[in-house]
file query-v7.csv (CSV, C-alpha atoms and all ligand atoms)
chain,number,residue,atom,x,y,z
A,314,MET,CA,114.4,84.2,89.7
A,315,LYS,CA,114.7,85.6,93.2
A,316,ASP,CA,112.2,88.5,93.2
A,317,LEU,CA,109.1,89.4,91.3
A,318,ILE,CA,106.4,92.0,91.9
A,319,ILE,CA,102.9,91.9,90.3
A,320,CYS,CA,101.3,95.3,90.4
A,321,PHE,CA,97.9,96.8,89.6
A,322,SER,CA,97.7,100.6,89.8
A,323,GLY,CA,95.3,103.3,88.7
A,324,THR,CA,96.9,106.6,89.4
A,325,GLY,CA,100.4,105.4,90.2
A,326,ASN,CA,100.4,105.2,94.1
A,327,SER,CA,100.7,101.4,94.1
A,328,TYR,CA,103.1,101.5,91.2
A,329,TYR,CA,105.3,103.9,93.1
A,330,VAL,CA,105.5,101.5,96.0
A,331,ALA,CA,106.3,98.6,93.6
A,332,LYS,CA,109.1,100.6,92.1
A,333,GLU,CA,110.6,101.6,95.5
A,334,ILE,CA,110.5,98.0,96.7
A,335,ALA,CA,112.0,96.7,93.4
A,336,LYS,CA,114.7,99.4,93.6
A,337,ALA,CA,115.6,98.3,97.1
A,338,GLN,CA,115.8,94.7,95.9
A,339,SER,CA,118.0,95.7,93.0
A,340,HIS,CA,115.8,94.5,90.2
A,341,ASP,CA,113.1,95.8,87.9
A,342,ASN,CA,111.0,92.6,87.7
A,343,ILE,CA,107.6,94.3,87.9
A,344,ILE,CA,104.7,92.8,85.9
A,345,MET,CA,101.7,95.0,85.5
A,346,LEU,CA,98.6,92.9,86.2
A,347,ASN,CA,97.0,93.4,82.8
A,348,GLU,CA,100.1,91.9,81.1
A,349,LEU,CA,100.4,89.0,83.5
A,350,ASN,CA,98.5,86.5,81.4
A,351,ASN,CA,100.2,87.5,78.2
A,352,GLN,CA,103.5,86.1,79.3
A,353,LYS,CA,105.1,83.1,81.0
A,354,PHE,CA,104.6,83.5,84.8
A,355,GLU,CA,107.8,82.1,86.4
A,356,ILE,CA,107.4,81.5,90.2
A,357,PRO,CA,110.2,83.5,92.0
A,358,GLU,CA,111.6,82.9,95.5
A,359,ARG,CA,109.9,86.1,96.8
A,360,LEU,CA,106.6,87.2,95.2
A,361,GLY,CA,104.9,90.6,95.9
A,362,LEU,CA,101.4,91.5,94.9
A,363,ILE,CA,100.8,95.3,95.2
A,364,PHE,CA,97.4,97.0,94.5
A,365,PRO,CA,95.0,99.7,95.7
A,366,ILE,CA,92.0,99.2,97.9
A,367,HIS,CA,88.7,99.6,96.1
A,368,MET,CA,85.7,99.7,98.3
A,369,SER,CA,87.4,97.8,101.2
A,370,ARG,CA,88.6,95.0,99.0
A,371,GLU,CA,90.8,94.2,96.0
A,372,PRO,CA,89.8,95.6,92.6
A,373,PHE,CA,87.9,92.8,90.9
A,374,THR,CA,90.5,92.5,88.1
A,375,VAL,CA,93.1,91.5,90.8
A,376,GLU,CA,91.2,88.3,91.6
A,377,LYS,CA,90.3,87.5,88.0
A,378,GLU,CA,93.9,87.9,86.6
A,379,MET,CA,95.6,86.3,89.6
A,380,ARG,CA,93.4,83.2,89.6
A,381,GLU,CA,94.0,82.8,85.8
A,382,ALA,CA,97.7,83.0,86.3
A,383,LEU,CA,97.8,80.8,89.4
A,384,SER,CA,95.7,78.1,87.9
A,385,LYS,CA,98.4,77.6,85.2
A,386,VAL,CA,101.2,77.1,87.7
A,387,LYS,CA,102.1,73.4,88.3
A,388,ASP,CA,104.7,73.8,91.0
A,389,PHE,CA,105.0,76.5,93.7
A,390,THR,CA,107.9,74.9,95.6
A,391,ALA,CA,110.3,77.7,94.6
A,392,LEU,CA,108.2,80.3,96.4
A,393,LYS,CA,109.5,81.0,99.9
A,394,PHE,CA,108.0,84.4,100.7
A,395,LEU,CA,104.7,85.9,99.5
A,396,TYR,CA,103.8,89.4,100.5
A,397,ILE,CA,100.7,91.5,99.8
A,398,ILE,CA,101.0,95.3,100.0
A,399,THR,CA,98.0,97.6,99.5
A,400,THR,CA,97.6,101.3,99.2
A,401,ALA,CA,94.5,103.1,100.4
A,402,SER,CA,93.3,106.6,101.4
A,403,ILE,CA,92.9,105.4,105.0
A,404,ASN,CA,95.0,103.3,107.2
A,405,SER,CA,93.1,100.1,106.5
A,406,PRO,CA,93.2,97.4,103.8
A,407,GLY,CA,89.5,96.6,104.6
A,408,TRP,CA,88.9,92.9,103.8
A,409,ALA,CA,91.4,92.7,100.9
A,410,HIS,CA,94.3,91.0,102.7
A,411,ILE,CA,92.0,88.3,104.1
A,412,ARG,CA,90.4,87.7,100.7
A,413,VAL,CA,93.6,87.6,98.7
A,414,GLU,CA,95.3,85.4,101.4
A,415,LYS,CA,92.3,83.0,100.9
A,416,MET,CA,92.7,83.2,97.1
A,417,PHE,CA,96.3,82.1,97.3
A,418,LYS,CA,95.4,79.3,99.8
A,419,ASP,CA,93.0,77.9,97.2
A,420,TYR,CA,96.2,77.1,95.2
A,421,GLY,CA,98.1,75.8,98.3
A,422,VAL,CA,100.2,78.9,98.7
A,423,ALA,CA,100.6,80.6,102.1
A,424,THR,CA,100.8,84.4,102.5
A,425,THR,CA,103.7,85.3,104.7
A,426,TYR,CA,103.4,89.1,105.0
A,427,VAL,CA,100.8,91.8,104.5
A,428,ASN,CA,100.9,95.6,105.0
A,429,ASN,CA,98.9,98.6,104.0
A,430,ILE,CA,100.1,102.1,103.2
A,431,LYS,CA,98.0,105.3,103.5
A,432,MET,CA,98.3,107.4,100.4
A,433,PRO,CA,96.4,110.2,98.6
A,434,ASP,CA,92.7,109.5,97.7
A,435,ASN,CA,92.1,109.4,94.0
A,436,ILE,CA,88.3,109.0,93.9
A,437,ILE,CA,85.9,110.4,96.6
A,438,ASN,CA,87.6,113.5,97.6
A,439,PRO,CA,90.8,113.7,95.5
A,440,THR,CA,93.7,114.8,97.6
A,441,ASN,CA,95.2,118.2,96.8
A,442,LYS,CA,98.9,118.8,95.9
A,443,GLU,CA,100.2,119.9,99.3
A,444,ARG,CA,98.5,117.1,101.2
A,445,SER,CA,99.5,114.6,98.6
A,446,GLU,CA,103.2,115.6,98.9
A,447,GLN,CA,102.9,115.2,102.7
A,448,LEU,CA,101.3,111.8,102.4
A,449,PHE,CA,104.0,110.6,100.1
A,450,LEU,CA,106.7,111.7,102.7
A,451,GLU,CA,104.8,109.7,105.3
A,452,ALA,CA,104.4,106.8,102.9
A,453,ASP,CA,108.2,106.8,102.2
A,454,VAL,CA,108.9,106.1,105.9
A,455,LYS,CA,106.4,103.2,105.8
A,456,ILE,CA,107.8,101.9,102.6
A,457,LYS,CA,111.3,101.9,104.1
A,458,ASN,CA,110.0,99.8,107.1
A,459,ILE,CA,108.3,97.4,104.7
A,460,ILE,CA,111.5,97.0,102.7
A,461,GLU,CA,113.3,96.0,105.9
A,462,ASP,CA,110.5,93.6,106.8
A,463,ILE,CA,110.7,91.9,103.4
A,464,LYS,CA,114.4,91.7,103.6
A,465,VAL,CA,114.3,89.7,106.8
A,466,GLU,CA,111.2,87.9,105.6
A,467,LYS,CA,109.1,88.9,108.6
A,468,ILE,CA,105.9,87.1,109.2
A,469,LYS,CA,102.8,89.3,109.5
A,470,PHE,CA,99.4,87.8,108.8
A,471,PRO,CA,96.1,89.6,107.9
A,472,LYS,CA,93.9,90.8,110.7
A,473,PHE,CA,90.3,89.6,111.0
A,474,LYS,CA,87.8,92.5,111.5
A,475,ALA,CA,84.1,91.5,111.5
A,476,PHE,CA,82.9,95.0,110.4
A,477,THR,CA,85.2,95.3,107.4
A,478,ARG,CA,84.0,91.8,106.3
A,479,THR,CA,80.4,92.9,106.3
A,480,TYR,CA,81.2,96.2,104.5
A,481,SER,CA,83.3,94.5,101.9
A,482,ASN,CA,80.6,91.9,101.3
A,483,ILE,CA,78.2,94.8,100.5
A,484,SER,CA,80.8,96.4,98.3
A,485,PHE,CA,81.0,93.3,96.2
A,486,LEU,CA,78.1,94.8,94.3
A,487,PHE,CA,80.2,97.9,93.5
A,488,ASN,CA,83.0,95.8,92.3
A,489,ARG,CA,80.9,93.5,90.2
A,490,TYR,CA,78.4,95.9,88.6
A,491,TYR,CA,79.2,99.6,89.3
A,492,ALA,CA,82.9,99.6,88.5
A,493,ARG,CA,82.5,98.1,85.0
A,494,ASN,CA,80.2,101.0,84.1
A,495,TYR,CA,81.9,103.7,86.1
A,496,SER,CA,83.3,105.6,83.0
A,497,LYS,CA,80.1,105.3,81.0
A,498,ASN,CA,78.8,108.5,82.7
A,499,PHE,CA,81.9,110.5,81.8
A,500,ILE,CA,81.3,113.5,79.5
A,501,VAL,CA,84.2,114.8,77.3
A,502,THR,CA,84.1,118.6,76.9
A,503,GLU,CA,85.4,120.9,74.3
A,504,GLU,CA,88.6,121.3,76.4
A,505,CYS,CA,89.8,117.9,74.9
A,506,ILE,CA,93.0,118.4,72.9
A,507,SER,CA,93.0,114.8,71.6
A,508,CYS,CA,96.3,114.0,73.3
A,509,LYS,CA,95.2,110.4,73.9
A,510,LEU,CA,96.8,110.3,77.4
A,511,CYS,CA,93.5,108.9,78.8
A,512,TYR,CA,93.6,106.1,76.2
A,513,LYS,CA,97.3,105.3,76.9
A,514,SER,CA,96.8,105.3,80.7
A,515,CYS,CA,93.8,102.9,80.8
A,516,PRO,CA,94.7,99.5,82.2
A,517,ALA,CA,91.3,98.0,81.1
A,518,ASN,CA,91.6,98.8,77.4
A,519,ASN,CA,88.2,100.4,78.0
A,520,ILE,CA,88.7,103.5,75.8
A,521,THR,CA,88.6,103.8,72.0
A,522,PHE,CA,89.0,107.0,69.9
A,523,GLU,CA,86.3,108.3,67.6
A,524,ASN,CA,86.7,111.6,65.7
A,525,GLY,CA,89.6,112.5,67.9
A,526,ARG,CA,87.7,112.0,71.2
A,527,PRO,CA,87.7,109.2,73.7
A,528,VAL,CA,84.8,106.9,73.9
A,529,PHE,CA,84.3,104.9,77.1
A,530,HIS,CA,83.0,101.4,77.1
A,531,ASN,CA,81.6,99.1,79.9
A,532,ASN,CA,84.8,97.2,80.9
A,533,CYS,CA,86.0,99.9,83.3
A,534,PHE,CA,88.0,99.0,86.5
A,535,ALA,CA,87.0,102.4,88.1
A,536,CYS,CA,90.7,103.1,88.6
A,537,THR,CA,90.3,106.8,87.9
A,538,ASN,CA,93.5,107.1,85.9
A,539,CYS,CA,92.0,108.6,82.8
A,540,ILE,CA,89.9,111.3,84.5
A,541,ASN,CA,92.8,112.3,86.8
A,542,THR,CA,95.5,112.1,84.1
A,543,CYS,CA,93.7,114.3,81.5
A,544,PRO,CA,95.9,117.5,81.2
A,545,THR,CA,92.9,119.8,80.5
A,546,ASN,CA,90.3,118.2,82.9
A,547,ALA,CA,88.2,117.6,79.8
A,548,ILE,CA,86.7,114.5,81.3
A,549,LYS,CA,83.8,115.2,83.7
A,550,LYS,CA,81.7,113.1,85.9
A,551,LYS,CA,77.9,113.6,86.0
A,552,LYS,CA,78.2,115.1,89.6
A,553,ASP,CA,81.6,116.6,89.5
A,554,ASN,CA,83.3,118.5,92.3
A,555,GLY,CA,86.1,119.5,89.9
A,556,LYS,CA,88.8,118.1,92.0
A,557,ARG,CA,91.5,115.9,90.4
A,558,TYR,CA,94.3,113.8,91.9
A,559,LYS,CA,97.7,114.5,90.4
A,560,ASN,CA,100.3,112.1,91.6
A,561,PRO,CA,103.1,114.3,93.1
A,562,LYS,CA,105.7,111.9,91.7
A,563,GLY,CA,104.6,112.9,88.2
A,564,ASN,CA,102.1,111.3,85.9
A,565,PHE,CA,101.8,107.6,86.1
A,566,ASN,CA,104.7,106.7,83.8
A,567,HIS,CA,103.7,103.2,83.0
A,568,PHE,CA,101.6,103.7,79.9
A,569,TYR,CA,99.6,100.7,79.0
A,570,ARG,CA,99.6,101.3,75.3
A,571,SER,CA,101.3,103.7,72.9
B,601,LIG,C1,87.0,102.8,93.0
B,601,LIG,C2,87.8,103.1,94.2
B,601,LIG,C3,87.4,102.8,95.5
B,601,LIG,C4,88.2,103.1,96.6
B,601,LIG,N1,87.9,102.6,97.8
B,601,LIG,C5,88.7,102.9,98.8
B,601,LIG,C6,88.4,102.3,100.1
B,601,LIG,O1,87.5,101.6,100.3
B,601,LIG,N2,89.2,102.6,101.1
B,601,LIG,C7,90.3,103.4,101.0
B,601,LIG,O2,91.0,103.7,102.0
B,601,LIG,N3,90.6,104.0,99.8
B,601,LIG,C8,89.9,103.7,98.7
B,601,LIG,N4,90.2,104.2,97.5
B,601,LIG,C9,91.4,105.1,97.3
B,601,LIG,C10,92.6,104.3,96.8
B,601,LIG,O3,92.7,103.0,97.4
B,601,LIG,C11,93.9,105.0,97.0
B,601,LIG,O4,93.8,106.3,96.5
B,601,LIG,C12,95.0,104.2,96.3
B,601,LIG,O5,96.3,104.6,96.9
B,601,LIG,C13,95.1,104.4,94.8
B,601,LIG,O6,96.2,103.7,94.3
B,601,LIG,P1,96.6,103.7,92.8
B,601,LIG,O7,97.1,105.1,92.5
B,601,LIG,O8,97.7,102.7,92.7
B,601,LIG,O9,95.4,103.3,92.0
B,601,LIG,C14,89.4,103.9,96.4
B,601,LIG,C15,89.7,104.3,95.1
B,601,LIG,C16,89.0,103.9,94.0
B,601,LIG,C17,89.4,104.4,92.6
B,602,LIG,S1,88.2,104.0,81.6
B,602,LIG,FE1,89.3,105.3,83.0
B,602,LIG,S2,88.6,104.7,85.1
B,602,LIG,FE2,88.0,103.1,83.7
B,602,LIG,S3,89.7,101.6,83.8
B,602,LIG,FE3,90.2,103.0,82.0
B,602,LIG,S4,91.5,104.6,82.9
B,602,LIG,FE4,90.5,103.5,84.6
B,603,LIG,S1,93.4,113.0,78.1
B,603,LIG,FE1,91.9,114.6,78.1
B,603,LIG,S2,92.6,116.0,76.5
B,603,LIG,FE2,93.7,114.1,76.2
B,603,LIG,S3,92.5,112.9,74.7
B,603,LIG,FE3,91.8,112.3,76.8
B,603,LIG,S4,90.0,113.6,77.2
B,603,LIG,FE4,91.2,114.6,75.5
call {"tool": "encode", "arguments": {"input": "query-v7.csv", "output": "structure tokens"}}
result
Amino acid sequence: MKDLIICFSGTGNSYYVAKEIAKAQSHDNIIMLNELNNQKFEIPERLGLIFPIHMSREPFTVEKEMREALSKVKDFTALKFLYIITTASINSPGWAHIRVEKMFKDYGVATTYVNNIKMPDNIINPTNKERSEQLFLEADVKIKNIIEDIKVEKIKFPKFKAFTRTYSNISFLFNRYYARNYSKNFIVTEECISCKLCYKSCPANNITFENGRPVFHNNCFACTNCINTCPTNAIKKKKDNGKRYKNPKGNFNHFYRS
């Protein structure tokens, strides 16, 4: 296999990037991270890992699933080009590139190219429709450049920044403890129409249904997909500014379950 992309995405920003890159490479070999360890992971010539930045680093599920998959691989010699693309609400990948590069190094694999794309925010201050559309236009330009870079197998290593390392070390606590329980505080109101879109769009299998209503457990990835996808805004946070991020390219169309 020549090309493979492994993708984690909450609200579809990173998935959009994965699809655009795959389209330019004329394939649809995208494995969603939560499915990675349920299938045979065949090492391609060019491997892309695409995910959002969570608190200045990779979402904890990225390291967990990738390490499990990589530890099963006996031979990486087919792999010629490894690239890591992140999406974030600011123009910085935080400490994620450095951390993920180190993770691959632990298995003897060198990262060749990294890049970060600024996209709408899906958590702190969810970006509104107009601004999101603008950010996607800007992202499209960057995606085109990245596609060209990958085509010529450009070398671009992660940048070391002392401040982001300190911040990301603190945010370890968020990833380890807070994220898992993020959805436990959600309240589901009478506006719920039992459409199950929240359940279908959860990459963590963290939602079950009881009496026609979602119940949230403590295996959350804090990806925000359920709360942003809900068509009636029936899912509320304890302190809720009422804003929701709606991906302008349509709802995240990779449903994790039917
Ligand atoms: C839990 C969480 C933490 C985040 N932390 C950061 C951050 O530290 N820096 C940043 O620029 N964006 C941050 N974001 C915003 C996302 O990285 C951004 O919206 C991303 O494009 C979402 O991609 P997705 O739709 O593929 O999940 C965070 C989002 C979430 C859900
Ligand atoms: S419960 Fe919601 S926020 Fe948590 S992982 Fe599932 S979809 Fe994402
Ligand atoms: S997405 Fe919203 S309306 Fe649909 S089942 Fe979930 S909470 Fe209810």
call {"tool": "residues_around", "arguments": {"input": "query-v7.csv", "residues": "Glu371 in chain A", "least_positions_apart": "5", "cutoff": "9 Å", "atoms": "only C-alpha atoms", "output": "PyMOL selection string"}}
result
chain A and resi 364-366+376+399+406+408-410+412-413+488
call {"tool": "write_last_selection", "arguments": {"input": "query-v7.csv", "atoms": "C-alpha atoms", "output": "PDB file, in the coordinates of the input"}}
result
ATOM      1  CA  PHE A 364      97.400  97.000  94.500  1.00  0.00           C
ATOM      2  CA  PRO A 365      95.000  99.700  95.700  1.00  0.00           C
ATOM      3  CA  ILE A 366      92.000  99.200  97.900  1.00  0.00           C
ATOM      4  CA  GLU A 376      91.200  88.300  91.600  1.00  0.00           C
ATOM      5  CA  THR A 399      98.000  97.600  99.500  1.00  0.00           C
ATOM      6  CA  PRO A 406      93.200  97.400 103.800  1.00  0.00           C
ATOM      7  CA  TRP A 408      88.900  92.900 103.800  1.00  0.00           C
ATOM      8  CA  ALA A 409      91.400  92.700 100.900  1.00  0.00           C
ATOM      9  CA  HIS A 410      94.300  91.000 102.700  1.00  0.00           C
ATOM     10  CA  ARG A 412      90.400  87.700 100.700  1.00  0.00           C
ATOM     11  CA  VAL A 413      93.600  87.600  98.700  1.00  0.00           C
ATOM     12  CA  ASN A 488      83.000  95.800  92.300  1.00  0.00           C
TER      13      ASN A 488
END
call {"tool": "residues_near_ligand", "arguments": {"input": "query-v7.csv", "ligand": "ligand LIG 603 (chain B)", "cutoff": "7 Å", "atoms": "only C-alpha atoms and all ligand atoms", "output": "MDAnalysis selection string"}}
result
chainID A and resid 501 504:512 526:527 539 542:548
call {"tool": "closest_atom_pairs", "arguments": {"input": "query-v7.csv", "of": "chain A", "to": "ligand LIG 602 (chain B)", "cutoff": "8 Å", "atoms": "only C-alpha atoms and all ligand atoms", "output": "JSON lines"}}
result
{"residue": "A:Gly323", "atom": "CA", "partner": "B:LIG602", "partner_atom": "FE4", "distance": 6.3}
{"residue": "A:Ala492", "atom": "CA", "partner": "B:LIG602", "partner_atom": "FE2", "distance": 7.8}
{"residue": "A:Arg493", "atom": "CA", "partner": "B:LIG602", "partner_atom": "FE2", "distance": 7.5}
{"residue": "A:Tyr495", "atom": "CA", "partner": "B:LIG602", "partner_atom": "FE2", "distance": 6.6}
{"residue": "A:Ser496", "atom": "CA", "partner": "B:LIG602", "partner_atom": "S1", "distance": 5.3}
{"residue": "A:Cys511", "atom": "CA", "partner": "B:LIG602", "partner_atom": "S4", "distance": 6.3}
{"residue": "A:Tyr512", "atom": "CA", "partner": "B:LIG602", "partner_atom": "S4", "distance": 7.2}
{"residue": "A:Ser514", "atom": "CA", "partner": "B:LIG602", "partner_atom": "S4", "distance": 5.8}
{"residue": "A:Cys515", "atom": "CA", "partner": "B:LIG602", "partner_atom": "S4", "distance": 3.5}
{"residue": "A:Pro516", "atom": "CA", "partner": "B:LIG602", "partner_atom": "S3", "distance": 5.7}
{"residue": "A:Ala517", "atom": "CA", "partner": "B:LIG602", "partner_atom": "S3", "distance": 4.8}
{"residue": "A:Asn518", "atom": "CA", "partner": "B:LIG602", "partner_atom": "FE3", "distance": 6.4}
{"residue": "A:Asn519", "atom": "CA", "partner": "B:LIG602", "partner_atom": "S1", "distance": 5.1}
{"residue": "A:Ile520", "atom": "CA", "partner": "B:LIG602", "partner_atom": "S1", "distance": 5.8}
{"residue": "A:Phe529", "atom": "CA", "partner": "B:LIG602", "partner_atom": "S1", "distance": 6.0}
{"residue": "A:His530", "atom": "CA", "partner": "B:LIG602", "partner_atom": "S1", "distance": 7.4}
{"residue": "A:Asn532", "atom": "CA", "partner": "B:LIG602", "partner_atom": "S3", "distance": 7.2}
{"residue": "A:Cys533", "atom": "CA", "partner": "B:LIG602", "partner_atom": "FE2", "distance": 3.8}
{"residue": "A:Phe534", "atom": "CA", "partner": "B:LIG602", "partner_atom": "S3", "distance": 4.1}
{"residue": "A:Ala535", "atom": "CA", "partner": "B:LIG602", "partner_atom": "S2", "distance": 4.1}
{"residue": "A:Cys536", "atom": "CA", "partner": "B:LIG602", "partner_atom": "FE4", "distance": 4.0}
{"residue": "A:Thr537", "atom": "CA", "partner": "B:LIG602", "partner_atom": "S2", "distance": 3.9}
{"residue": "A:Asn538", "atom": "CA", "partner": "B:LIG602", "partner_atom": "S4", "distance": 4.4}
{"residue": "A:Cys539", "atom": "CA", "partner": "B:LIG602", "partner_atom": "S4", "distance": 4.0}
{"residue": "A:Ile540", "atom": "CA", "partner": "B:LIG602", "partner_atom": "FE1", "distance": 6.2}
call {"tool": "atom_distance", "arguments": {"input": "query-v7.csv", "atom1": "CA of Ala452 in chain A", "atom2": "CA of Pro433 in chain A"}}
result
9.7 Å
call {"tool": "residues_near_ligand", "arguments": {"input": "query-v7.csv", "ligand": "ligand LIG 601 (chain B)", "cutoff": "9 Å", "atoms": "only C-alpha atoms and all ligand atoms", "output": "ChimeraX atom specification"}}
result
/A:320-330,363-370,372,399-407,430-437,439-440,481,484,487-488,492,495,534-538,558,560,565
call {"tool": "closest_residue", "arguments": {"input": "query-v7.csv", "among": "A:Asn541, A:Asn350, A:Asn458, A:Thr502", "to": "Val386 in chain A", "atoms": "only C-alpha atoms"}}
result
A:Asn350
call {"tool": "closest_residue", "arguments": {"input": "query-v7.csv", "among": "A:Met314, A:Val465, A:Ile483, A:Ala382", "to": "Gln352 in chain A", "atoms": "all atoms listed in the file"}}
result
A:Ala382
call {"tool": "atom_distance", "arguments": {"input": "query-v7.csv", "atom1": "CA of Glu523 in chain A", "atom2": "CA of Lys550 in chain A"}}
result
19.5 Å
call {"tool": "atom_distance", "arguments": {"input": "query-v7.csv", "atom1": "CA of Ile411 in chain A", "atom2": "CA of Tyr426 in chain A"}}
result
11.5 Å
call {"tool": "decode", "arguments": {"input": "query-v7.csv", "residues": "range 452-475 of chain A", "atoms": "N, CA and C atoms", "output": "mmCIF file, in the first residue's frame"}}
result
data_model
loop_
_atom_site.group_PDB
_atom_site.id
_atom_site.type_symbol
_atom_site.label_atom_id
_atom_site.label_comp_id
_atom_site.auth_asym_id
_atom_site.auth_seq_id
_atom_site.Cartn_x
_atom_site.Cartn_y
_atom_site.Cartn_z
ATOM 1 N N ALA A 452 -7.987 27.679 5.680
ATOM 2 C CA ALA A 452 -7.434 26.328 5.880
ATOM 3 C C ALA A 452 -7.235 25.636 4.537
ATOM 4 N N ASP A 453 -8.161 25.868 3.597
ATOM 5 C CA ASP A 453 -8.045 25.218 2.279
ATOM 6 C C ASP A 453 -6.730 25.587 1.587
ATOM 7 N N VAL A 454 -6.306 26.856 1.757
ATOM 8 C CA VAL A 454 -5.040 27.295 1.146
ATOM 9 C C VAL A 454 -3.883 26.521 1.785
ATOM 10 N N LYS A 455 -3.937 26.431 3.112
ATOM 11 C CA LYS A 455 -2.840 25.721 3.808
ATOM 12 C C LYS A 455 -2.842 24.231 3.458
ATOM 13 N N ILE A 456 -4.047 23.647 3.349
ATOM 14 C CA ILE A 456 -4.133 22.212 3.011
ATOM 15 C C ILE A 456 -3.490 21.969 1.638
ATOM 16 N N LYS A 457 -3.763 22.887 0.699
ATOM 17 C CA LYS A 457 -3.169 22.750 -0.651
ATOM 18 C C LYS A 457 -1.647 22.735 -0.569
ATOM 19 N N ASN A 458 -1.092 23.668 0.245
ATOM 20 C CA ASN A 458 0.373 23.718 0.407
ATOM 21 C C ASN A 458 0.905 22.436 1.034
ATOM 22 N N ILE A 459 0.165 21.940 2.023
ATOM 23 C CA ILE A 459 0.593 20.702 2.703
ATOM 24 C C ILE A 459 0.579 19.533 1.712
ATOM 25 N N ILE A 460 -0.462 19.491 0.874
ATOM 26 C CA ILE A 460 -0.564 18.417 -0.126
ATOM 27 C C ILE A 460 0.663 18.449 -1.047
ATOM 28 N N GLU A 461 1.066 19.661 -1.453
ATOM 29 C CA GLU A 461 2.269 19.796 -2.311
ATOM 30 C C GLU A 461 3.511 19.327 -1.565
ATOM 31 N N ASP A 462 3.612 19.737 -0.286
ATOM 32 C CA ASP A 462 4.781 19.334 0.522
ATOM 33 C C ASP A 462 4.875 17.817 0.627
ATOM 34 N N ILE A 463 3.706 17.181 0.852
ATOM 35 C CA ILE A 463 3.704 15.712 1.013
ATOM 36 C C ILE A 463 4.087 15.050 -0.316
ATOM 37 N N LYS A 464 3.571 15.647 -1.394
ATOM 38 C CA LYS A 464 3.844 15.085 -2.731
ATOM 39 C C LYS A 464 5.355 15.017 -2.998
ATOM 40 N N VAL A 465 6.065 16.100 -2.615
ATOM 41 C CA VAL A 465 7.517 16.109 -2.873
ATOM 42 C C VAL A 465 8.299 15.580 -1.664
ATOM 43 N N GLU A 466 7.570 15.069 -0.699
ATOM 44 C CA GLU A 466 8.161 14.480 0.520
ATOM 45 C C GLU A 466 9.146 15.455 1.177
ATOM 46 N N LYS A 467 8.635 16.641 1.399
ATOM 47 C CA LYS A 467 9.423 17.706 2.026
ATOM 48 C C LYS A 467 9.765 17.336 3.478
ATOM 49 N N ILE A 468 10.920 17.786 3.919
ATOM 50 C CA ILE A 468 11.302 17.523 5.315
ATOM 51 C C ILE A 468 10.984 18.753 6.155
ATOM 52 N N LYS A 469 10.246 18.556 7.240
ATOM 53 C CA LYS A 469 9.914 19.670 8.136
ATOM 54 C C LYS A 469 9.753 19.084 9.532
ATOM 55 N N PHE A 470 10.745 19.341 10.385
ATOM 56 C CA PHE A 470 10.743 18.731 11.712
ATOM 57 C C PHE A 470 9.990 19.610 12.726
ATOM 58 N N PRO A 471 9.553 19.028 13.839
ATOM 59 C CA PRO A 471 8.870 19.822 14.879
ATOM 60 C C PRO A 471 9.802 20.876 15.475
ATOM 61 N N LYS A 472 9.175 21.975 15.943
ATOM 62 C CA LYS A 472 9.983 23.053 16.543
ATOM 63 C C LYS A 472 9.915 22.938 18.061
ATOM 64 N N PHE A 473 11.059 23.111 18.694
ATOM 65 C CA PHE A 473 11.122 23.064 20.160
ATOM 66 C C PHE A 473 10.769 24.437 20.735
ATOM 67 N N LYS A 474 9.791 24.484 21.652
ATOM 68 C CA LYS A 474 9.479 25.754 22.320
ATOM 69 C C LYS A 474 9.319 25.455 23.808
ATOM 70 N N ALA A 475 10.199 26.062 24.622
ATOM 71 C CA ALA A 475 10.224 25.725 26.054
ATOM 72 C C ALA A 475 8.887 26.006 26.726
#
